[in-house]
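Q: Okay, so here is model.txt, and as you'll see once you scroll down, it has compact mmCIF, C-alpha atoms.
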```txt
# COMPACT_ATOMS: atom_id res chain seq x y z
CA MET A 604 0.00 0.00 0.00
CA ASN A 605 1.47 3.35 -0.93
CA GLY A 606 1.84 6.19 1.54
CA LYS A 607 -1.05 8.27 0.16
CA ILE A 608 -3.61 5.48 0.55
CA THR A 609 -2.30 4.69 4.03
CA LEU A 610 -2.60 8.35 5.04
CA ILE A 611 -6.18 8.52 3.72
CA THR A 612 -7.05 5.36 5.65
CA LEU A 613 -5.48 6.72 8.84
CA ALA A 614 -7.38 10.00 8.40
CA LEU A 615 -10.66 8.10 7.95
CA THR A 616 -9.84 6.04 11.03
CA ALA A 617 -9.24 9.21 13.05
CA PHE A 618 -12.50 10.67 11.75
CA LEU A 619 -14.59 7.62 12.68
CA ASP A 620 -12.88 7.42 16.06
CA SER A 621 -13.67 11.04 16.94
CA VAL A 622 -17.22 10.83 15.54
CA GLY A 623 -17.93 7.90 17.86
CA PHE A 624 -16.52 9.78 20.83
CA GLY A 625 -18.42 12.93 19.90
CA ILE A 626 -21.77 11.17 19.47
CA ILE A 627 -21.88 10.18 23.14
CA ILE A 628 -21.18 13.71 24.46
CA PRO A 629 -24.78 15.04 24.35
CA ILE A 630 -26.30 11.68 25.33
CA LEU A 631 -24.18 10.33 28.18
CA PRO A 632 -25.39 12.87 30.83
CA TYR A 633 -29.07 12.05 30.22
CA TYR A 634 -28.39 8.32 30.03
CA SER A 635 -26.52 8.48 33.35
CA LEU A 636 -29.46 10.23 35.00
CA GLN A 637 -31.80 7.62 33.53
CA LEU A 638 -29.73 4.95 35.29
CA GLY A 639 -30.13 6.78 38.60
CA ALA A 640 -26.84 8.70 38.74
CA THR A 641 -26.54 12.14 40.29
CA PRO A 642 -24.77 15.00 38.46
CA ILE A 643 -21.73 14.49 40.70
CA GLU A 644 -21.67 10.78 39.91
CA TYR A 645 -21.92 11.61 36.21
CA SER A 646 -18.84 13.84 36.52
CA LEU A 647 -16.95 10.74 37.69
CA LEU A 648 -17.24 9.37 34.14
CA THR A 649 -15.11 12.22 32.80
CA VAL A 650 -12.68 11.97 35.73
CA THR A 651 -12.34 8.19 35.32
CA TYR A 652 -11.65 8.45 31.59
CA SER A 653 -9.14 11.30 32.03
CA ILE A 654 -7.24 9.54 34.83
CA ALA A 655 -7.02 6.35 32.79
CA GLN A 656 -5.67 8.35 29.82
CA LEU A 657 -3.24 10.23 32.03
CA VAL A 658 -1.77 7.06 33.54
CA PHE A 659 -1.88 4.57 30.69
CA SER A 660 -1.63 6.56 27.45
CA PRO A 661 2.20 6.73 27.40
CA TYR A 662 2.47 2.97 28.04
CA ILE A 663 -0.09 1.95 25.40
CA SER A 664 1.34 4.42 22.87
CA ARG A 665 4.85 3.13 23.61
CA LEU A 666 3.74 -0.42 22.88
CA SER A 667 3.00 0.62 19.31
CA ASP A 668 6.68 1.53 18.87
CA ILE A 669 7.56 -2.01 19.93
CA ARG A 670 4.67 -4.21 18.77
CA GLY A 671 3.63 -2.26 15.68
CA ARG A 672 1.21 0.58 15.11
CA LYS A 673 -1.53 -1.59 13.57
CA ASN A 674 -1.60 -4.02 16.49
CA ILE A 675 -2.04 -1.31 19.14
CA LEU A 676 -4.50 0.64 17.00
CA THR A 677 -6.57 -2.54 16.74
CA LEU A 678 -6.38 -2.95 20.53
CA GLY A 679 -7.55 0.62 21.11
CA ILE A 680 -10.50 0.48 18.72
CA GLY A 681 -11.42 -2.98 20.03
CA SER A 682 -11.56 -1.56 23.57
CA GLU A 683 -13.96 1.11 22.29
CA VAL A 684 -16.24 -1.57 20.86
CA VAL A 685 -16.27 -3.35 24.23
CA GLY A 686 -16.71 -0.10 26.19
CA TYR A 687 -19.64 1.14 24.10
CA LEU A 688 -21.32 -2.28 24.28
CA ILE A 689 -21.03 -2.30 28.07
CA ILE A 690 -22.56 1.19 28.24
CA GLY A 691 -25.36 0.33 25.83
CA LEU A 692 -26.29 -2.92 27.59
CA SER A 693 -25.60 -1.95 31.20
CA PRO A 694 -28.45 -1.97 33.73
CA TYR A 695 -26.29 -0.15 36.33
CA PHE A 696 -24.52 3.21 36.29
CA TYR A 697 -21.32 1.93 37.89
CA LEU A 698 -20.72 -0.41 34.99
CA LEU A 699 -20.42 2.78 32.92
CA LEU A 700 -17.43 3.75 35.07
CA LEU A 701 -15.82 0.40 34.25
CA ALA A 702 -16.47 0.93 30.54
CA ARG A 703 -14.98 4.44 30.55
CA PHE A 704 -11.93 3.20 32.46
CA ILE A 705 -11.33 0.35 29.99
CA THR A 706 -11.67 2.69 27.02
CA GLY A 707 -9.51 5.42 28.55
CA ALA A 708 -6.78 2.99 29.59
CA LEU A 709 -6.47 1.05 26.32
CA THR A 710 -7.22 3.75 23.77
CA SER A 711 -4.31 5.82 22.49
CA ASN A 712 -5.51 5.90 18.91
CA LEU A 713 -4.63 9.48 18.03
CA PRO A 714 -0.97 9.29 19.23
CA VAL A 715 -0.52 6.03 17.33
CA ILE A 716 -2.12 7.41 14.15
CA LEU A 717 -0.02 10.60 14.38
CA SER A 718 3.14 8.57 14.83
CA TYR A 719 2.29 6.36 11.85
CA ALA A 720 1.53 9.46 9.74
CA THR A 721 4.94 11.02 10.47
CA GLU A 722 6.63 7.94 9.02
CA LEU A 723 4.87 8.20 5.64
CA GLY A 724 6.99 11.04 4.27
CA LYS A 725 9.17 14.02 5.08
CA ASP A 726 6.33 16.58 5.30
CA ASN A 727 5.40 15.86 8.92
CA SER A 728 3.52 19.12 9.39
CA ARG A 729 1.17 18.42 6.48
CA ASN A 730 0.48 14.83 7.54
CA ILE A 731 -0.11 15.90 11.15
CA GLY A 732 -2.43 18.64 9.91
CA ILE A 733 -4.47 16.17 7.86
CA ILE A 734 -4.88 13.78 10.80
CA SER A 735 -5.59 16.50 13.37
CA GLY A 736 -7.98 18.32 11.05
CA THR A 737 -9.89 15.14 10.21
CA PHE A 738 -10.11 14.24 13.88
CA GLY A 739 -11.43 17.74 14.61
CA VAL A 740 -14.10 17.53 11.90
CA GLY A 741 -15.27 14.22 13.36
CA PHE A 742 -15.40 15.71 16.83
CA VAL A 743 -17.63 18.53 15.54
CA ALA A 744 -19.88 16.16 13.57
CA GLY A 745 -20.21 13.65 16.41
CA PRO A 746 -22.46 15.64 18.78
CA VAL A 747 -24.69 16.67 15.86
CA ILE A 748 -25.11 13.01 14.86
CA GLY A 749 -25.67 12.12 18.51
CA GLY A 750 -28.52 14.61 18.72
CA VAL A 751 -30.08 13.18 15.55
CA LEU A 752 -29.80 9.59 16.84
CA SER A 753 -31.07 10.30 20.37
CA PRO A 754 -34.78 9.82 19.48
CA LEU A 755 -33.91 6.18 18.74
CA GLY A 756 -33.20 5.74 22.46
CA TYR A 757 -30.03 6.16 24.49
CA ARG A 758 -29.18 2.46 24.58
CA ASN A 759 -29.71 2.04 20.85
CA THR A 760 -27.48 5.05 20.17
CA PHE A 761 -24.62 3.50 22.14
CA LEU A 762 -25.08 0.23 20.29
CA ILE A 763 -24.92 2.15 17.00
CA VAL A 764 -21.67 3.78 18.19
CA ALA A 765 -20.32 0.32 19.07
CA GLY A 766 -21.18 -0.75 15.52
CA LEU A 767 -19.38 2.31 14.14
CA ALA A 768 -16.30 1.41 16.18
CA PHE A 769 -16.51 -2.18 14.90
CA LEU A 770 -16.63 -0.84 11.33
CA ASN A 771 -13.53 1.20 12.12
CA LEU A 772 -11.85 -1.93 13.49
CA ILE A 773 -12.54 -3.80 10.23
CA LEU A 774 -11.24 -0.83 8.23
CA VAL A 775 -7.96 -0.83 10.15
CA TYR A 776 -7.61 -4.61 9.93
CA LEU A 777 -8.13 -4.70 6.17
CA LEU A 778 -6.54 -1.47 4.93
CA VAL A 779 -3.80 -0.39 7.36
CA SER A 780 -0.53 -2.09 6.53
CA ASN A 781 1.56 -3.91 9.11
CA ASP A 782 4.52 -1.84 10.26
CA ASN A 783 6.01 -4.12 12.88
CA LYS A 784 9.40 -4.36 11.22
CA LYS A 785 12.25 -4.17 13.67
CA ILE A 786 13.73 -0.70 13.80
CA ALA A 787 17.52 -0.69 13.38
CA MET A 788 18.17 1.25 16.54
CA ARG A 789 18.06 0.79 20.26
CA GLN A 790 14.56 0.94 21.69
CA ALA A 791 14.52 3.82 24.15
CA SER A 792 12.84 3.20 27.48
CA LEU A 793 9.70 5.06 28.50
CA LYS A 794 11.79 7.01 30.98
CA GLU A 795 14.19 8.08 28.22
CA ILE A 796 11.29 9.08 25.97
CA PHE A 797 9.81 11.22 28.74
CA ARG A 798 13.18 12.90 29.25
CA MET A 799 13.35 13.70 25.54
CA SER A 800 9.75 14.95 25.42
CA SER A 801 9.38 16.45 28.92
CA SER A 802 9.52 20.03 27.59
CA PHE A 803 6.64 19.26 25.25
CA PHE A 804 4.71 17.63 28.11
CA THR A 805 4.96 20.84 30.13
CA LEU A 806 4.15 23.10 27.17
CA THR A 807 1.15 21.00 26.15
CA LEU A 808 -0.05 20.95 29.75
CA ILE A 809 -0.06 24.77 29.95
CA ILE A 810 -2.01 25.05 26.67
CA ALA A 811 -4.42 22.23 27.54
CA LEU A 812 -5.06 23.73 30.98
CA SER A 813 -6.17 27.06 29.55
CA PHE A 814 -8.34 25.41 26.88
CA ALA A 815 -9.98 23.16 29.50
CA VAL A 816 -10.84 26.25 31.55
CA LEU A 817 -12.56 27.65 28.45
CA GLN A 818 -14.45 24.42 27.71
CA GLY A 819 -15.63 24.09 31.30
CA THR A 820 -16.89 27.66 31.68
CA LEU A 821 -17.98 28.78 28.20
CA ALA A 822 -21.64 27.81 28.68
CA PHE A 823 -21.83 29.69 32.01
CA TYR A 824 -19.88 32.65 30.62
CA GLY A 825 -22.11 32.87 27.55
CA ARG A 826 -25.29 32.62 29.60
CA TYR A 827 -24.14 35.26 32.10
CA PHE A 828 -22.97 37.91 29.63
CA TYR A 829 -24.97 37.21 26.45
CA ASN A 830 -27.91 35.05 27.56
CA TRP A 831 -26.71 32.17 25.39
CA GLY A 832 -28.61 28.90 25.59
CA PRO A 833 -27.68 25.36 24.47
CA SER A 834 -28.27 26.14 20.78
CA GLN A 835 -25.91 29.14 20.82
CA ILE A 836 -23.26 27.18 22.72
CA GLY A 837 -23.57 24.32 20.24
CA LEU A 838 -23.21 26.77 17.35
CA VAL A 839 -20.16 28.40 18.93
CA LEU A 840 -18.43 25.09 19.66
CA GLY A 841 -19.19 23.90 16.13
CA LEU A 842 -17.72 27.10 14.72
CA VAL A 843 -14.61 26.71 16.89
CA GLY A 844 -14.14 23.11 15.74
CA ILE A 845 -14.56 23.95 12.06
CA VAL A 846 -12.15 26.91 12.16
CA GLN A 847 -9.55 24.86 14.03
CA ALA A 848 -9.88 21.98 11.55
CA VAL A 849 -9.51 24.35 8.56
CA ALA A 850 -6.42 25.91 10.14
CA GLN A 851 -4.93 22.46 10.67
CA PHE A 852 -5.79 21.26 7.17
CA LEU A 853 -4.78 24.26 5.09
CA LEU A 854 -2.82 26.82 7.09
CA VAL A 855 -0.26 25.32 9.44
CA TYR A 856 1.96 23.44 7.02
CA ARG A 857 2.16 26.52 4.78
CA ILE A 858 3.28 28.72 7.69
CA ILE A 859 5.80 26.10 8.77
CA GLY A 860 7.06 25.72 5.20
CA LYS A 861 7.70 29.46 4.89
CA ALA A 862 8.71 30.44 8.42
CA GLY A 863 9.51 27.28 10.37
CA GLU A 864 8.04 25.69 13.50
CA ARG A 865 9.38 28.33 15.90
CA ILE A 866 7.62 31.26 14.24
CA ALA A 867 4.49 29.19 13.53
CA THR A 868 4.21 28.18 17.20
CA THR A 869 4.79 31.77 18.33
CA ILE A 870 2.10 33.04 15.93
CA GLY A 871 -0.39 30.45 17.17
CA LEU A 872 0.25 31.14 20.86
CA SER A 873 0.13 34.91 20.30
CA ILE A 874 -3.24 34.70 18.53
CA THR A 875 -4.50 32.56 21.42
CA PHE A 876 -3.34 35.20 23.92
CA ILE A 877 -5.21 37.94 22.02
CA ALA A 878 -8.38 35.80 22.02
CA TYR A 879 -8.26 35.22 25.78
CA ILE A 880 -7.65 38.93 26.44
CA LEU A 881 -10.71 39.83 24.36
CA LEU A 882 -12.80 37.29 26.27
CA SER A 883 -11.58 38.80 29.54
CA PHE A 884 -13.33 42.07 28.68
CA PRO A 885 -16.82 41.05 27.49
CA SER A 886 -18.67 43.77 25.62
CA ASN A 887 -20.83 42.35 22.80
CA GLN A 888 -21.62 39.04 21.13
CA ILE A 889 -19.87 39.84 17.86
CA LEU A 890 -16.58 40.41 19.68
CA ALA A 891 -17.12 37.16 21.58
CA TYR A 892 -17.58 35.25 18.30
CA VAL A 893 -14.46 36.89 16.85
CA SER A 894 -12.50 35.99 19.98
CA LEU A 895 -13.51 32.34 19.77
CA VAL A 896 -12.67 32.15 16.05
CA LEU A 897 -9.24 33.61 16.82
CA LEU A 898 -8.84 31.13 19.65
CA ALA A 899 -9.64 28.21 17.37
CA MET A 900 -7.20 29.44 14.72
CA GLY A 901 -4.40 30.12 17.19
CA ASN A 902 -4.89 26.83 19.00
CA GLY A 903 -4.88 24.89 15.73
CA ILE A 904 -1.66 26.55 14.51
CA ALA A 905 0.13 26.15 17.84
CA GLN A 906 -0.99 22.55 18.38
CA ASN A 907 0.16 21.27 14.99
CA SER A 908 3.43 23.20 15.09
CA ILE A 909 4.26 21.74 18.50
CA LEU A 910 3.38 18.20 17.36
CA THR A 911 5.57 18.67 14.27
CA LEU A 912 8.48 19.75 16.47
CA LEU A 913 7.90 16.79 18.76
CA SER A 914 7.96 14.39 15.80
CA LYS A 915 11.30 15.85 14.71
CA THR A 916 12.77 15.71 18.20
CA LEU A 917 12.14 12.00 18.72
CA PRO A 918 13.61 9.16 16.62
CA PRO A 919 11.03 7.12 14.66
CA GLY A 920 11.09 4.24 17.16
CA SER A 921 10.00 6.49 20.02
CA ARG A 922 7.40 8.81 18.52
CA SER A 923 4.26 7.03 19.68
CA GLY A 924 5.51 7.15 23.25
CA GLY A 925 6.18 10.88 22.90
CA PHE A 926 2.75 11.53 21.40
CA GLY A 927 1.30 9.42 24.22
CA PHE A 928 2.89 11.73 26.81
CA ALA A 929 1.37 14.69 24.94
CA GLN A 930 -2.07 13.07 25.19
CA SER A 931 -1.42 12.34 28.85
CA SER A 932 -0.61 16.00 29.52
CA THR A 933 -3.85 17.01 27.78
CA ALA A 934 -5.78 14.69 30.09
CA LEU A 935 -4.02 16.22 33.12
CA GLY A 936 -4.90 19.70 31.86
CA SER A 937 -8.56 18.70 31.64
CA LEU A 938 -8.54 17.24 35.14
CA ILE A 939 -7.19 20.49 36.57
CA GLY A 940 -8.77 23.00 34.20
CA PHE A 941 -12.45 22.08 34.42
CA PRO A 942 -12.85 22.42 38.22
CA LEU A 943 -10.42 25.35 38.40
CA GLY A 944 -12.26 27.40 35.79
CA ASN A 945 -15.68 26.72 37.28
CA THR A 946 -14.43 27.60 40.77
CA MET A 947 -13.02 30.91 39.54
CA PHE A 948 -16.25 31.70 37.69
CA GLN A 949 -18.34 31.05 40.79
CA VAL A 950 -16.07 32.42 43.53
CA LEU A 951 -14.15 35.32 41.91
CA SER A 952 -15.99 36.77 38.91
CA PRO A 953 -17.64 35.51 35.68
CA ASN A 954 -14.65 36.55 33.55
CA SER A 955 -11.76 36.00 35.99
CA GLU A 956 -10.94 32.60 34.49
CA TYR A 957 -10.04 34.22 31.15
CA PHE A 958 -7.49 36.48 32.83
CA LEU A 959 -5.92 33.23 34.04
CA CYS A 960 -6.02 31.85 30.47
CA SER A 961 -4.33 35.05 29.21
CA ALA A 962 -1.58 34.65 31.79
CA LEU A 963 -1.13 30.99 30.85
CA SER A 964 -0.83 32.00 27.17
CA ILE A 965 1.96 34.45 28.01
CA LEU A 966 3.62 31.76 30.11
CA SER A 967 3.41 29.30 27.19
CA ILE A 968 5.13 31.78 24.84
CA VAL A 969 7.92 32.53 27.34
CA TYR A 970 8.37 28.84 28.17
CA PHE A 971 8.45 27.81 24.52
CA HIS A 972 11.20 30.27 23.67
CA SER A 973 13.15 29.25 26.75
CA ILE A 974 13.20 25.59 25.67
CA TYR A 975 13.49 26.01 21.91
CA ALA A 976 17.31 25.96 21.76
CA ASN A 977 17.32 22.72 23.75
CA ILE A 978 14.69 21.24 21.41
CA VAL A 979 16.92 22.02 18.40
CA VAL A 980 19.85 20.23 20.02
CA LYS A 981 17.68 17.18 20.75
CA ASN A 982 16.41 17.28 17.19
CA ARG A 983 19.94 17.10 15.80
CA GLU A 984 20.85 14.29 18.14
CA GLY A 985 17.59 12.48 17.44
CA ASP A 986 18.37 12.30 13.73
CA LYS A 987 21.27 9.98 14.50
CA PRO A 988 20.43 6.28 14.87
CA ILE A 989 20.95 4.93 18.39
CA THR A 990 22.91 1.72 18.13
CA ARG A 991 23.14 -0.99 20.71
```
Written as structure tokens, how would this file's structure read?

A:
Amino acid sequence: MNGKITLITLALTAFLDSVGFGIIIPILPYYSLQLGATPIEYSLLTVTYSIAQLVFSPYISRLSDIRGRKNILTLGIGSEVVGYLIIGLSPYFYLLLLARFITGALTSNLPVILSYATELGKDNSRNIGIISGTFGVGFVAGPVIGGVLSPLGYRNTFLIVAGLAFLNLILVYLLVSNDNKKIAMRQASLKEIFRMSSSFFTLTLIIALSFAVLQGTLAFYGRYFYNWGPSQIGLVLGLVGIVQAVAQFLLVYRIIGKAGERIATTIGLSITFIAYILLSFPSNQILAYVSLVLLAMGNGIAQNSILTLLSKTLPPGSRSGGFGFAQSSTALGSLIGFPLGNTMFQVLSPNSEYFLCSALSILSIVYFHSIYANIVVKNREGDKPITR
């Protein structure tokens, strides 16, 4: 199979994976309540999934460097099939916690797909943009599809999602080529991979923390200042997802090609800072929409540029582990950011959390430039094969 067909297959796999995840977002809260859960108990589903990702994602992603990308991708999608079936057939809420833990612990599909995509050619930024953009489009489409399917019944919807994941599993099994050839270099340990990617872990954590604050408080912020309801929030989140996906598809690799990853990352983080500052001073809805569009664009540019740098820093046999640590840091950011943002909204002021996001954006720019020289050194060293 040539590289182009493999990339298309990986992009479709990422799309189906994110669609399945997105479909359950608008349904899971109501389904949990139907099974007798309280709102606090429902929140445990998100916490359980995030903790499982935080702890296990680097290990599962690392296995793909050793056992082959296809094998671990099959494991991850298979765990989604099992998890969605448990949710759809479960008579008890606490079995949902088990299902979310299994899925969170065994699923590192995006890091594995990204790692595979970086090995298909020299243009890492373009391949990463295609995968990230496709994943983003699926994540936007998922909740819409979930809303359309909900009249069929919550259980039936989860069974449909399980079927979608099973279709994805067949797609990977039939169309994704085996890549479990032995790499002619020493396999770095997980500890060594973390040392090589620790700067990216910290940088991604800062960015993910600020974005999680936004995600957790946007509905309350919009309702307080602009009287937004669920339809407006859905429209805004859809707009953010589309703009970010377009930036990842069409914009990032062009900026990187002309100016390099350092300038592209700085541009993305700077646009994000401007967006958070604008949100900190609410005045009218149009400005709020502009701010969120800027945020989506800046986040998309920064995210892909950082992932491209990470792929160049790590040798091919260690990239999945590095991407796994990036996913782990995103999960940690969500665990901290959601309760932190909501606490600031309730205790301090309805826009105080966006001053925090602005400060975190400045911190991310300063931190990135402080580590860039070290990243370049690691990149040069990483290009050399590590022999036994």

Q: List as a ChimeraX atom specification the protein and nucleic acid residues near A:Gln888, meaning an atom at most 12 Å away when all atoms listed in the file are counted, but skip any in the same chain fewer than 5 places from it.

A: /A:824-831,835,839,881-882,893-895

Q: Counting all atoms listed in the file, which residue out of A:Ala640, A:Leu666, A:Ala905, A:Ile626 sits closest to A:Arg865?

A: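 So, comparing all the options, the nearest one is A:Ala905.
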
Q: For A:Leu619, which of A:Thr869, A:Asn727, A:Thr710, A:Asn771 is the closest residue, counting only C-alpha atoms?

A: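 Using only C-alpha atoms, the shortest distance to A:Leu619 belongs to A:Asn771.
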
Q: From the options A:Thr760, A:Asn712, A:Thr875, A:Ser664, which residue's atoms come nearest to A:Leu631, counting all atoms listed in the file?

A: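 For A:Leu631, the nearest of the candidates is A:Thr760.
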
Q: Let me make sure I understand: among A:Leu943, A:Ala976, A:Val622, A:Leu840, which one has the smallest atom-to-atom distance to A:Ser955 if we use all atoms listed in the file?

A: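 Checking each candidate against A:Ser955, we get A:Leu943 as the closest.
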
Q: Which polymer residues have any atom within 8 Å of an atom of A:Leu938, counting only C-alpha atoms, with same-chain residues fewer than 6 positions away left out, as a list in words?

A: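 These residues fall inside the cut-off: Val650, Ser653 and Ile654 of chain A.
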
Q: Out of A:Gly623, A:Gly903, A:Gly750, A:Gly927, which residue has the shortest atom-to-atom distance to A:Ile763 when counting only C-alpha atoms?

A: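 Closest to A:Ile763 of all the choices is A:Gly623.
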